[in-house]
>>> print(open('query-v2.cif').read())   # mmCIF, C-alpha atoms and all ligand atoms; chains and numbers go by the auth columns
data_coords
loop_
_atom_site.group_PDB
_atom_site.id
_atom_site.type_symbol
_atom_site.label_atom_id
_atom_site.label_comp_id
_atom_site.label_asym_id
_atom_site.label_seq_id
_atom_site.Cartn_x
_atom_site.Cartn_y
_atom_site.Cartn_z
_atom_site.B_iso_or_equiv
_atom_site.auth_seq_id
_atom_site.auth_asym_id
ATOM 1 C CA MET A 1 7.701 5.755 -21.461 0.00 1 A
ATOM 2 C CA ALA A 2 10.181 3.508 -23.225 0.00 2 A
ATOM 3 C CA PRO A 3 13.570 2.919 -21.593 0.00 3 A
ATOM 4 C CA GLY A 4 15.332 4.680 -24.459 0.00 4 A
ATOM 5 C CA VAL A 5 13.409 7.874 -23.784 0.00 5 A
ATOM 6 C CA ALA A 6 14.456 7.876 -20.142 0.00 6 A
ATOM 7 C CA VAL A 7 18.105 7.474 -21.089 0.00 7 A
ATOM 8 C CA ALA A 8 17.855 10.372 -23.533 0.00 8 A
ATOM 9 C CA VAL A 9 16.341 12.618 -20.874 0.00 9 A
ATOM 10 C CA LEU A 10 19.070 11.593 -18.465 0.00 10 A
ATOM 11 C CA SER A 11 21.737 12.576 -20.952 0.00 11 A
ATOM 12 C CA LEU A 12 20.242 16.021 -21.372 0.00 12 A
ATOM 13 C CA ALA A 13 19.644 16.517 -17.681 0.00 13 A
ATOM 14 C CA ALA A 14 22.961 15.382 -16.310 0.00 14 A
ATOM 15 C CA MET A 15 25.349 16.535 -19.000 0.00 15 A
ATOM 16 C CA PRO A 16 26.044 20.247 -19.449 0.00 16 A
ATOM 17 C CA ALA A 17 26.797 21.623 -22.896 0.00 17 A
ATOM 18 C CA ASP A 18 30.512 20.994 -22.525 0.00 18 A
ATOM 19 C CA GLY A 19 29.853 17.324 -22.067 0.00 19 A
ATOM 20 C CA GLU A 20 31.244 17.024 -18.567 0.00 20 A
ATOM 21 C CA THR A 21 29.309 15.476 -15.754 0.00 21 A
ATOM 22 C CA VAL A 22 28.092 17.959 -13.177 0.00 22 A
ATOM 23 C CA ARG A 23 30.755 18.193 -10.521 0.00 23 A
ATOM 24 C CA ALA A 24 31.838 20.306 -7.626 0.00 24 A
ATOM 25 C CA ASP A 25 34.090 23.263 -8.283 0.00 25 A
ATOM 26 C CA ALA A 26 36.912 22.401 -5.930 0.00 26 A
ATOM 27 C CA ALA A 27 37.165 19.468 -3.578 0.00 27 A
ATOM 28 C CA ARG A 28 34.487 16.962 -4.363 0.00 28 A
ATOM 29 C CA PRO A 29 32.216 16.647 -1.328 0.00 29 A
ATOM 30 C CA VAL A 30 32.080 13.272 0.348 0.00 30 A
ATOM 31 C CA LEU A 31 28.874 11.860 1.770 0.00 31 A
ATOM 32 C CA ARG A 32 29.329 9.156 4.374 0.00 32 A
ATOM 33 C CA PHE A 33 26.781 6.413 4.797 0.00 33 A
ATOM 34 C CA VAL A 34 26.466 3.543 7.233 0.00 34 A
ATOM 35 C CA TRP A 35 24.706 0.387 6.045 0.00 35 A
ATOM 36 C CA PHE A 36 22.604 -1.420 8.649 0.00 36 A
ATOM 37 C CA ASP A 37 20.857 -4.622 7.694 0.00 37 A
ATOM 38 C CA PRO A 38 20.285 -6.271 11.057 0.00 38 A
ATOM 39 C CA SER A 39 18.005 -9.027 9.760 0.00 39 A
ATOM 40 C CA GLN A 40 19.841 -9.527 6.459 0.00 40 A
ATOM 41 C CA VAL A 41 16.702 -8.543 4.585 0.00 41 A
ATOM 42 C CA ALA A 42 18.822 -7.235 1.708 0.00 42 A
ATOM 43 C CA ALA A 43 21.452 -9.968 1.786 0.00 43 A
ATOM 44 C CA GLY A 44 22.998 -10.499 -1.618 0.00 44 A
ATOM 45 C CA SER A 45 22.017 -7.042 -2.911 0.00 45 A
ATOM 46 C CA GLU A 46 24.132 -4.883 -0.619 0.00 46 A
ATOM 47 C CA LEU A 47 27.070 -4.193 -2.914 0.00 47 A
ATOM 48 C CA LEU A 48 24.844 -3.511 -5.905 0.00 48 A
ATOM 49 C CA ALA A 49 22.659 -1.169 -3.878 0.00 49 A
ATOM 50 C CA ARG A 50 25.635 0.721 -2.519 0.00 50 A
ATOM 51 C CA ALA A 51 27.122 0.991 -6.002 0.00 51 A
ATOM 52 C CA GLU A 52 23.883 2.315 -7.520 0.00 52 A
ATOM 53 C CA THR A 53 23.590 4.942 -4.776 0.00 53 A
ATOM 54 C CA ALA A 54 27.220 5.936 -5.332 0.00 54 A
ATOM 55 C CA THR A 55 26.699 6.153 -9.095 0.00 55 A
ATOM 56 C CA LEU A 56 23.644 8.384 -8.748 0.00 56 A
ATOM 57 C CA LEU A 57 25.330 10.698 -6.248 0.00 57 A
ATOM 58 C CA ALA A 58 28.469 10.813 -8.393 0.00 58 A
ATOM 59 C CA ARG A 59 26.296 12.087 -11.223 0.00 59 A
ATOM 60 C CA MET A 60 25.207 14.849 -8.848 0.00 60 A
ATOM 61 C CA GLY A 61 28.835 15.684 -8.100 0.00 61 A
ATOM 62 C CA ALA A 62 29.284 13.964 -4.745 0.00 62 A
ATOM 63 C CA THR A 63 31.580 11.150 -3.728 0.00 63 A
ATOM 64 C CA VAL A 64 30.130 8.485 -1.471 0.00 64 A
ATOM 65 C CA SER A 65 31.797 6.374 1.163 0.00 65 A
ATOM 66 C CA TRP A 66 30.058 3.387 2.704 0.00 66 A
ATOM 67 C CA ARG A 67 30.816 1.374 5.751 0.00 67 A
ATOM 68 C CA ARG A 68 28.861 -1.416 7.323 0.00 68 A
ATOM 69 C CA GLY A 69 27.384 -0.701 10.728 0.00 69 A
ATOM 70 C CA THR A 70 27.362 -3.322 13.429 0.00 70 A
ATOM 71 C CA SER A 71 24.362 -4.113 15.572 0.00 71 A
ATOM 72 C CA GLY A 72 24.490 -2.431 18.915 0.00 72 A
ATOM 73 C CA GLU A 73 26.903 0.264 17.825 0.00 73 A
ATOM 74 C CA ALA A 74 26.197 3.664 19.300 0.00 74 A
ATOM 75 C CA VAL A 75 24.367 6.214 17.185 0.00 75 A
ATOM 76 C CA GLY A 76 27.035 8.614 16.057 0.00 76 A
ATOM 77 C CA ASN A 77 27.200 11.653 13.887 0.00 77 A
ATOM 78 C CA ASP A 78 29.501 9.993 11.404 0.00 78 A
ATOM 79 C CA GLY A 79 27.198 9.748 8.431 0.00 79 A
ATOM 80 C CA VAL A 80 23.704 9.001 7.286 0.00 80 A
ATOM 81 C CA ARG A 81 22.487 5.694 8.667 0.00 81 A
ATOM 82 C CA VAL A 82 20.764 3.607 6.010 0.00 82 A
ATOM 83 C CA ILE A 83 18.665 0.944 7.689 0.00 83 A
ATOM 84 C CA LEU A 84 17.156 -1.932 5.744 0.00 84 A
ATOM 85 C CA VAL A 85 13.863 -2.999 7.288 0.00 85 A
ATOM 86 C CA GLY A 86 10.638 -4.910 6.674 0.00 86 A
ATOM 87 C CA GLU A 87 7.461 -3.758 5.006 0.00 87 A
ATOM 88 C CA GLY A 88 5.910 -1.554 7.692 0.00 88 A
ATOM 89 C CA PRO A 89 2.465 0.002 7.524 0.00 89 A
ATOM 90 C CA PRO A 90 1.178 1.536 4.296 0.00 90 A
ATOM 91 C CA VAL A 91 0.569 5.281 4.064 0.00 91 A
ATOM 92 C CA SER A 92 -2.836 6.188 2.620 0.00 92 A
ATOM 93 C CA GLY A 93 -3.102 2.594 1.479 0.00 93 A
ATOM 94 C CA VAL A 94 0.134 2.768 -0.517 0.00 94 A
ATOM 95 C CA PRO A 95 3.225 0.709 0.385 0.00 95 A
ATOM 96 C CA VAL A 96 6.152 2.907 1.435 0.00 96 A
ATOM 97 C CA LEU A 97 9.522 2.210 -0.168 0.00 97 A
ATOM 98 C CA GLY A 98 11.663 4.493 1.929 0.00 98 A
ATOM 99 C CA THR A 99 11.498 7.082 4.669 0.00 99 A
ATOM 100 C CA THR A 100 13.859 9.775 5.903 0.00 100 A
ATOM 101 C CA ARG A 101 13.975 11.305 9.322 0.00 101 A
ATOM 102 C CA LYS A 102 16.178 14.223 10.037 0.00 102 A
ATOM 103 C CA GLY A 103 16.765 13.959 13.735 0.00 103 A
ATOM 104 C CA HIS A 104 17.252 16.644 16.318 0.00 104 A
ATOM 105 C CA SER A 105 20.572 15.573 17.701 0.00 105 A
ATOM 106 C CA ALA A 106 22.180 13.059 15.414 0.00 106 A
ATOM 107 C CA ALA A 107 22.835 12.448 11.739 0.00 107 A
ATOM 108 C CA PRO A 108 19.809 11.711 9.565 0.00 108 A
ATOM 109 C CA VAL A 109 18.426 8.221 9.244 0.00 109 A
ATOM 110 C CA VAL A 110 17.051 6.615 6.109 0.00 110 A
ATOM 111 C CA TRP A 111 14.885 3.505 6.296 0.00 111 A
ATOM 112 C CA VAL A 112 14.330 1.334 3.260 0.00 112 A
ATOM 113 C CA ARG A 113 11.427 -1.097 3.298 0.00 113 A
ATOM 114 C CA VAL A 114 12.961 -3.928 1.333 0.00 114 A
ATOM 115 C CA PRO A 115 9.865 -6.180 0.960 0.00 115 A
ATOM 116 C CA ASN A 116 7.942 -3.255 -0.545 0.00 116 A
ATOM 117 C CA VAL A 117 10.766 -2.535 -2.982 0.00 117 A
ATOM 118 C CA ARG A 118 10.742 -6.201 -3.947 0.00 118 A
ATOM 119 C CA ALA A 119 6.993 -6.091 -4.546 0.00 119 A
ATOM 120 C CA ALA A 120 7.307 -2.877 -6.570 0.00 120 A
ATOM 121 C CA ILE A 121 9.637 -4.613 -9.017 0.00 121 A
ATOM 122 C CA GLY A 122 7.715 -7.861 -9.142 0.00 122 A
ATOM 123 C CA ILE A 123 9.915 -10.008 -6.890 0.00 123 A
ATOM 124 C CA SER A 124 8.062 -12.291 -4.494 0.00 124 A
ATOM 125 C CA ARG A 125 8.323 -11.146 -0.888 0.00 125 A
ATOM 126 C CA SER A 126 8.190 -14.664 0.463 0.00 126 A
ATOM 127 C CA ARG A 127 11.437 -15.995 -0.962 0.00 127 A
ATOM 128 C CA PRO A 128 14.530 -15.615 1.229 0.00 128 A
ATOM 129 C CA PRO A 129 16.927 -13.024 -0.226 0.00 129 A
ATOM 130 C CA LEU A 130 19.743 -15.457 -0.858 0.00 130 A
ATOM 131 C CA ALA A 131 17.371 -17.836 -2.666 0.00 131 A
ATOM 132 C CA LEU A 132 16.678 -15.231 -5.345 0.00 132 A
ATOM 133 C CA PRO A 133 18.225 -15.847 -8.765 0.00 133 A
ATOM 134 C CA PRO A 134 21.126 -13.530 -9.692 0.00 134 A
ATOM 135 C CA VAL A 135 19.009 -11.509 -12.118 0.00 135 A
ATOM 136 C CA GLU A 136 16.521 -10.670 -9.353 0.00 136 A
ATOM 137 C CA LEU A 137 19.286 -9.858 -6.861 0.00 137 A
ATOM 138 C CA HIS A 138 20.689 -7.477 -9.444 0.00 138 A
ATOM 139 C CA LEU A 139 17.321 -5.801 -10.086 0.00 139 A
ATOM 140 C CA LEU A 140 16.732 -5.510 -6.351 0.00 140 A
ATOM 141 C CA GLY A 141 20.159 -3.996 -5.726 0.00 141 A
ATOM 142 C CA VAL A 142 19.619 -1.315 -8.358 0.00 142 A
ATOM 143 C CA ALA A 143 16.118 -0.529 -7.079 0.00 143 A
ATOM 144 C CA LEU A 144 17.314 -0.315 -3.475 0.00 144 A
ATOM 145 C CA GLY A 145 20.138 1.979 -4.540 0.00 145 A
ATOM 146 C CA ARG A 146 17.641 4.312 -6.216 0.00 146 A
ATOM 147 C CA VAL A 147 15.328 4.410 -3.213 0.00 147 A
ATOM 148 C CA ILE A 148 18.319 5.111 -0.954 0.00 148 A
ATOM 149 C CA ALA A 149 19.554 7.910 -3.219 0.00 149 A
ATOM 150 C CA HIS A 150 16.045 9.423 -3.286 0.00 150 A
ATOM 151 C CA GLU A 151 15.845 9.445 0.496 0.00 151 A
ATOM 152 C CA ILE A 152 19.369 10.770 0.865 0.00 152 A
ATOM 153 C CA VAL A 153 18.484 13.745 -1.287 0.00 153 A
ATOM 154 C CA HIS A 154 15.666 14.443 1.173 0.00 154 A
ATOM 155 C CA ALA A 155 18.126 14.129 4.036 0.00 155 A
ATOM 156 C CA VAL A 156 20.725 16.415 2.496 0.00 156 A
ATOM 157 C CA ILE A 157 18.338 18.998 1.043 0.00 157 A
ATOM 158 C CA PRO A 158 15.370 19.145 3.426 0.00 158 A
ATOM 159 C CA SER A 159 13.686 21.798 1.299 0.00 159 A
ATOM 160 C CA VAL A 160 13.715 19.757 -1.903 0.00 160 A
ATOM 161 C CA SER A 161 10.395 19.144 -3.593 0.00 161 A
ATOM 162 C CA HIS A 162 9.400 16.066 -5.469 0.00 162 A
ATOM 163 C CA GLY A 163 9.825 16.379 -9.191 0.00 163 A
ATOM 164 C CA THR A 164 10.761 14.034 -11.965 0.00 164 A
ATOM 165 C CA GLY A 165 13.112 11.096 -12.393 0.00 165 A
ATOM 166 C CA LEU A 166 14.917 10.130 -9.200 0.00 166 A
ATOM 167 C CA MET A 167 12.878 12.602 -7.173 0.00 167 A
ATOM 168 C CA SER A 168 9.473 11.496 -8.420 0.00 168 A
ATOM 169 C CA GLU A 169 7.004 11.260 -5.581 0.00 169 A
ATOM 170 C CA SER A 170 6.215 7.699 -6.623 0.00 170 A
ATOM 171 C CA LEU A 171 9.013 5.605 -8.032 0.00 171 A
ATOM 172 C CA SER A 172 7.407 3.310 -10.583 0.00 172 A
ATOM 173 C CA TYR A 173 8.357 -0.179 -11.691 0.00 173 A
ATOM 174 C CA HIS A 174 9.930 1.334 -14.770 0.00 174 A
ATOM 175 C CA GLN A 175 11.933 3.912 -12.825 0.00 175 A
ATOM 176 C CA LEU A 176 13.225 1.274 -10.438 0.00 176 A
ATOM 177 C CA THR A 177 14.228 -1.213 -13.128 0.00 177 A
ATOM 178 C CA ALA A 178 15.231 0.815 -16.206 0.00 178 A
ATOM 179 C CA ALA A 179 18.871 0.880 -17.272 0.00 179 A
ATOM 180 C CA SER A 180 19.133 4.368 -15.832 0.00 180 A
ATOM 181 C CA ILE A 181 16.989 6.930 -14.054 0.00 181 A
ATOM 182 C CA PRO A 182 17.006 10.635 -14.910 0.00 182 A
ATOM 183 C CA VAL A 183 18.587 13.027 -12.408 0.00 183 A
ATOM 184 C CA ASP A 184 17.668 16.674 -12.762 0.00 184 A
ATOM 185 C CA ARG A 185 20.642 18.998 -13.216 0.00 185 A
ATOM 186 C CA GLU A 186 19.123 21.575 -10.880 0.00 186 A
ATOM 187 C CA LEU A 187 18.961 18.892 -8.232 0.00 187 A
ATOM 188 C CA ALA A 188 22.675 18.196 -8.671 0.00 188 A
ATOM 189 C CA LEU A 189 23.495 21.862 -8.244 0.00 189 A
ATOM 190 C CA ALA A 190 21.279 22.122 -5.174 0.00 190 A
ATOM 191 C CA LEU A 191 22.956 19.101 -3.624 0.00 191 A
ATOM 192 C CA GLN A 192 26.398 20.565 -4.197 0.00 192 A
ATOM 193 C CA ALA A 193 25.331 23.886 -2.734 0.00 193 A
ATOM 194 C CA ALA A 194 23.954 22.137 0.341 0.00 194 A
ATOM 195 C CA LEU A 195 27.162 20.180 0.818 0.00 195 A
ATOM 196 C CA ARG A 196 29.349 23.258 0.282 0.00 196 A
ATOM 197 C CA ASP A 197 27.409 25.081 2.951 0.00 197 A
ATOM 198 C CA ASP A 198 27.942 22.079 5.207 0.00 198 A
ATOM 199 C CA ARG A 199 24.252 21.917 5.775 0.00 199 A
ATOM 200 C CA GLY A 200 24.208 18.562 4.104 0.00 200 A
ATOM 201 C CA VAL A 201 23.878 16.185 6.973 0.00 201 A
ATOM 202 C CA ALA A 202 23.419 18.665 9.769 0.00 202 A
ATOM 203 C CA PRO A 203 20.385 18.096 11.942 0.00 203 A
ATOM 204 C CA SER A 204 17.664 20.483 10.881 0.00 204 A
ATOM 205 C CA GLY A 205 14.435 19.795 12.627 0.00 205 A
ATOM 206 C CA SER A 206 12.530 16.673 11.984 0.00 206 A
ATOM 207 C CA ALA A 207 10.439 15.496 9.131 0.00 207 A
ATOM 208 C CA VAL A 208 9.315 12.248 7.656 0.00 208 A
ATOM 209 C CA LEU A 209 9.263 11.932 3.915 0.00 209 A
ATOM 210 C CA ALA A 210 8.307 8.891 1.983 0.00 210 A
ATOM 211 C CA ALA A 211 8.786 7.480 -1.468 0.00 211 A
ATOM 212 C CA LYS A 212 5.697 5.539 -2.321 0.00 212 A
ATOM 213 C CA ALA A 213 5.275 2.683 -4.682 0.00 213 A
ATOM 214 C CA ARG A 214 2.966 3.268 -7.578 0.00 214 A
ATOM 215 C CA ALA A 215 1.252 -0.065 -7.536 0.00 215 A
ATOM 216 C CA GLN A 216 -0.631 0.454 -10.767 0.00 216 A
ATOM 217 C CA GLN A 217 2.672 0.736 -12.613 0.00 217 A
ATOM 218 C CA GLN A 218 3.873 -2.671 -11.590 0.00 218 A
ATOM 219 C CA GLU A 219 3.678 -3.871 -15.150 0.00 219 A
ATOM 220 C CA ARG A 220 5.608 -7.039 -14.865 0.00 220 A
HETATM 221 ZN ZN ZN B . 10.441 11.537 -1.584 0.00 301 B
#
>>> encode(input="query-v2.cif", output="structure tokens", more="lines below")
Ligand SMILES: [Zn+2]
Amino acid sequence: MAPGVAVAVLSLAAMPADGETVRADAARPVLRFVWFDPSQVAAGSELLARAETATLLARMGATVSWRRGTSGEAVGNDGVRVILVGEGPPVSGVPVLGTTRKGHSAAPVVWVRVPNVRAAIGISRSRPPLALPPVELHLLGVALGRVIAHEIVHAVIPSVSHGTGLMSESLSYHQLTAASIPVDRELALALQAALRDDRGVAPSGSAVLAAKARAQQQER
């Protein structure tokens, strides 16, 4: 699918007939996230990743606040912890980009496997993050932000099924690198409903959900 097609779909999906972005009725819900990158595996892409996540959630009607976690800080219930980690084991032979666990007693945790995201968008895993050229840091930041947003939807709406665009089961090279990624309007409404009911980041059993790379679509 050409990038232009994806943008057109996005416009239809995210913009109601009156032309306004989907938004909450009253107070705009705020989702709080804590960024943990203990080994600096995403150094240089943090702000871009946070911004892409915020942009995607804003299109679903939610405001995002980020703070940076410090190593050794106690696990609190003050937001979804987003932890940037290494490649980890594949699932069914496919590299995992991100995983969500909704814990029993604390806020949900999202892990993002940065080397696998790099590989999915054609960036060598061996180069230190801060040695990447600016264009690759930018691509990586956007891709990380999309994987984070995907996992956060799982965390906030445990019942959500995979679908299209942002919630595709496998985020392809194209979806991770295109100028924009489609967000389904129904998904936005479901997210707002979940946040209104304050079920958004409440512990609700435990599950592990993964966004997998679609290796055959690494076209670069
Ligand atoms: Zn998923």
>>> atom_distance(input="query-v2.cif", atom1="CA of Pro129 (chain A)", atom2="CA of Pro108 (chain A)")
26.8 Å
>>> closest_residue(input="query-v2.cif", among="A:Ala193, A:Leu84, A:Ile157, A:Leu139", to="ligand ZN 301 (chain B)", atoms="all atoms listed in the file")
A:Ile157
>>> closest_residue(input="query-v2.cif", among="A:Pro134, A:Gly98, A:Gly88, A:Gly145", to="ligand ZN 301 (chain B)", atoms="only C-alpha atoms and all ligand atoms")
A:Gly98
>>> residues_near_point(input="query-v2.cif", point="(8.7, -8.8, -10.5)", cutoff="12 Å", atoms="all atoms listed in the file", output="PyMOL selection string")
chain A and resi 115-125+132-133+135-137+139-140+143+173-174+176-177+215+217-220
>>> closest_residue(input="query-v2.cif", among="A:Ala178, A:Leu48, A:Ala155, A:Leu191", to="ligand ZN 301 (chain B)", atoms="only C-alpha atoms and all ligand atoms")
A:Ala155
>>> residues_near_ligand(input="query-v2.cif", ligand="ligand ZN 301 (chain B)", cutoff="12 Å", atoms="all atoms listed in the file", output="short mmCIF file (atom, residue, chain, number, x, y, z; two decimals) with C-alpha atoms, in the frame of the given file")
data_model
loop_
_atom_site.label_atom_id
_atom_site.label_comp_id
_atom_site.auth_asym_id
_atom_site.auth_seq_id
_atom_site.Cartn_x
_atom_site.Cartn_y
_atom_site.Cartn_z
CA VAL A 96 6.15 2.91 1.44
CA LEU A 97 9.52 2.21 -0.17
CA GLY A 98 11.66 4.49 1.93
CA THR A 99 11.50 7.08 4.67
CA THR A 100 13.86 9.78 5.90
CA ARG A 101 13.98 11.30 9.32
CA VAL A 110 17.05 6.62 6.11
CA VAL A 112 14.33 1.33 3.26
CA ARG A 146 17.64 4.31 -6.22
CA VAL A 147 15.33 4.41 -3.21
CA ILE A 148 18.32 5.11 -0.95
CA ALA A 149 19.55 7.91 -3.22
CA HIS A 150 16.05 9.42 -3.29
CA GLU A 151 15.84 9.44 0.50
CA ILE A 152 19.37 10.77 0.86
CA VAL A 153 18.48 13.74 -1.29
CA HIS A 154 15.67 14.44 1.17
CA ALA A 155 18.13 14.13 4.04
CA ILE A 157 18.34 19.00 1.04
CA PRO A 158 15.37 19.14 3.43
CA SER A 159 13.69 21.80 1.30
CA VAL A 160 13.72 19.76 -1.90
CA SER A 161 10.40 19.14 -3.59
CA HIS A 162 9.40 16.07 -5.47
CA GLY A 163 9.82 16.38 -9.19
CA THR A 164 10.76 14.03 -11.96
CA GLY A 165 13.11 11.10 -12.39
CA LEU A 166 14.92 10.13 -9.20
CA MET A 167 12.88 12.60 -7.17
CA SER A 168 9.47 11.50 -8.42
CA GLU A 169 7.00 11.26 -5.58
CA SER A 170 6.22 7.70 -6.62
CA LEU A 171 9.01 5.60 -8.03
CA ALA A 207 10.44 15.50 9.13
CA VAL A 208 9.32 12.25 7.66
CA LEU A 209 9.26 11.93 3.92
CA ALA A 210 8.31 8.89 1.98
CA ALA A 211 8.79 7.48 -1.47
CA LYS A 212 5.70 5.54 -2.32
CA ALA A 213 5.28 2.68 -4.68
#
>>> closest_residue(input="query-v2.cif", among="A:Glu52, A:Arg67, A:Arg113, A:Gly61", to="Phe36 (chain A)", atoms="only C-alpha atoms")
A:Arg67
>>> atom_distance(input="query-v2.cif", atom1="CA of Pro29 (chain A)", atom2="CA of Leu189 (chain A)")
12.3 Å
>>> closest_residue(input="query-v2.cif", among="A:Asp78, A:Glu87, A:Glu73, A:Asp184", to="Leu56 (chain A)", atoms="all atoms listed in the file")
A:Asp184
>>> residues_around(input="query-v2.cif", residues="region 68-70 of chain A", least_positions_apart="2", cutoff="10 Å", atoms="all atoms listed in the file", output="list in words")
Phe33, Val34, Trp35, Phe36, Asp37, Pro38, Glu46, Trp66, Gly72, Glu73, Ala74, Val75, Arg81, Val82 and Ile83 of chain A
>>> atom_distance(input="query-v2.cif", atom1="CA of Arg50 (chain A)", atom2="CA of Val114 (chain A)")
14.0 Å
>>> residues_near_point(input="query-v2.cif", point="(10.0, -11.4, 7.5)", cutoff="10 Å", atoms="only C-alpha atoms", output="PyMOL selection string")
chain A and resi 39+41+85-87+115+125-128
>>> axis_aligned_box(input="query-v2.cif", around="region 53-65 of chain A", padding_each_side="6 Å", output="JSON")
{"center_x": 27.7, "center_y": 10.3, "center_z": -5.0, "size_x": 20.2, "size_y": 22.7, "size_z": 24.4}
>>> closest_residue(input="query-v2.cif", among="A:Gln40, A:Ser92, A:Gln192, A:Ser180", to="Thr53 (chain A)", atoms="only C-alpha atoms")
A:Ser180
>>> build_atoms(input="query-v2.cif", residues="region 52-65 of chain A", atoms="N, CA, C and O atoms", output="mmCIF file, in the frame of the given file")
data_model
loop_
_atom_site.group_PDB
_atom_site.id
_atom_site.type_symbol
_atom_site.label_atom_id
_atom_site.label_comp_id
_atom_site.auth_asym_id
_atom_site.auth_seq_id
_atom_site.Cartn_x
_atom_site.Cartn_y
_atom_site.Cartn_z
ATOM 1 N N GLU A 52 24.865 1.494 -6.802
ATOM 2 C CA GLU A 52 23.883 2.315 -7.520
ATOM 3 C C GLU A 52 23.722 3.669 -6.833
ATOM 4 O O GLU A 52 23.650 4.710 -7.495
ATOM 5 N N THR A 53 23.663 3.671 -5.510
ATOM 6 C CA THR A 53 23.590 4.942 -4.776
ATOM 7 C C THR A 53 24.808 5.803 -5.089
ATOM 8 O O THR A 53 24.689 7.005 -5.356
ATOM 9 N N ALA A 54 25.981 5.181 -5.067
ATOM 10 C CA ALA A 54 27.220 5.936 -5.332
ATOM 11 C C ALA A 54 27.220 6.491 -6.748
ATOM 12 O O ALA A 54 27.638 7.631 -6.983
ATOM 13 N N THR A 55 26.735 5.698 -7.700
ATOM 14 C CA THR A 55 26.699 6.153 -9.095
ATOM 15 C C THR A 55 25.777 7.359 -9.240
ATOM 16 O O THR A 55 26.120 8.350 -9.894
ATOM 17 N N LEU A 56 24.603 7.280 -8.626
ATOM 18 C CA LEU A 56 23.644 8.384 -8.748
ATOM 19 C C LEU A 56 24.185 9.649 -8.084
ATOM 20 O O LEU A 56 24.061 10.748 -8.631
ATOM 21 N N LEU A 57 24.799 9.505 -6.925
ATOM 22 C CA LEU A 57 25.330 10.698 -6.248
ATOM 23 C C LEU A 57 26.564 11.228 -6.963
ATOM 24 O O LEU A 57 26.804 12.438 -6.968
ATOM 25 N N ALA A 58 27.325 10.350 -7.597
ATOM 26 C CA ALA A 58 28.469 10.813 -8.393
ATOM 27 C C ALA A 58 27.982 11.673 -9.551
ATOM 28 O O ALA A 58 28.602 12.676 -9.908
ATOM 29 N N ARG A 59 26.849 11.285 -10.125
ATOM 30 C CA ARG A 59 26.296 12.087 -11.223
ATOM 31 C C ARG A 59 25.813 13.445 -10.727
ATOM 32 O O ARG A 59 25.646 14.372 -11.512
ATOM 33 N N MET A 60 25.583 13.550 -9.427
ATOM 34 C CA MET A 60 25.207 14.849 -8.848
ATOM 35 C C MET A 60 26.433 15.557 -8.288
ATOM 36 O O MET A 60 26.313 16.616 -7.663
ATOM 37 N N GLY A 61 27.608 14.999 -8.492
ATOM 38 C CA GLY A 61 28.835 15.684 -8.100
ATOM 39 C C GLY A 61 29.345 15.361 -6.717
ATOM 40 O O GLY A 61 30.212 16.053 -6.195
ATOM 41 N N ALA A 62 28.840 14.311 -6.099
ATOM 42 C CA ALA A 62 29.284 13.964 -4.745
ATOM 43 C C ALA A 62 29.929 12.581 -4.745
ATOM 44 O O ALA A 62 29.507 11.681 -5.468
ATOM 45 N N THR A 63 30.952 12.450 -3.939
ATOM 46 C CA THR A 63 31.580 11.150 -3.728
ATOM 47 C C THR A 63 30.951 10.511 -2.495
ATOM 48 O O THR A 63 30.632 11.194 -1.528
ATOM 49 N N VAL A 64 30.790 9.208 -2.556
ATOM 50 C CA VAL A 64 30.130 8.485 -1.471
ATOM 51 C C VAL A 64 31.109 7.522 -0.821
ATOM 52 O O VAL A 64 31.899 6.880 -1.497
ATOM 53 N N SER A 65 31.069 7.453 0.484
ATOM 54 C CA SER A 65 31.797 6.374 1.163
ATOM 55 C C SER A 65 30.801 5.581 2.003
ATOM 56 O O SER A 65 29.898 6.148 2.627
#
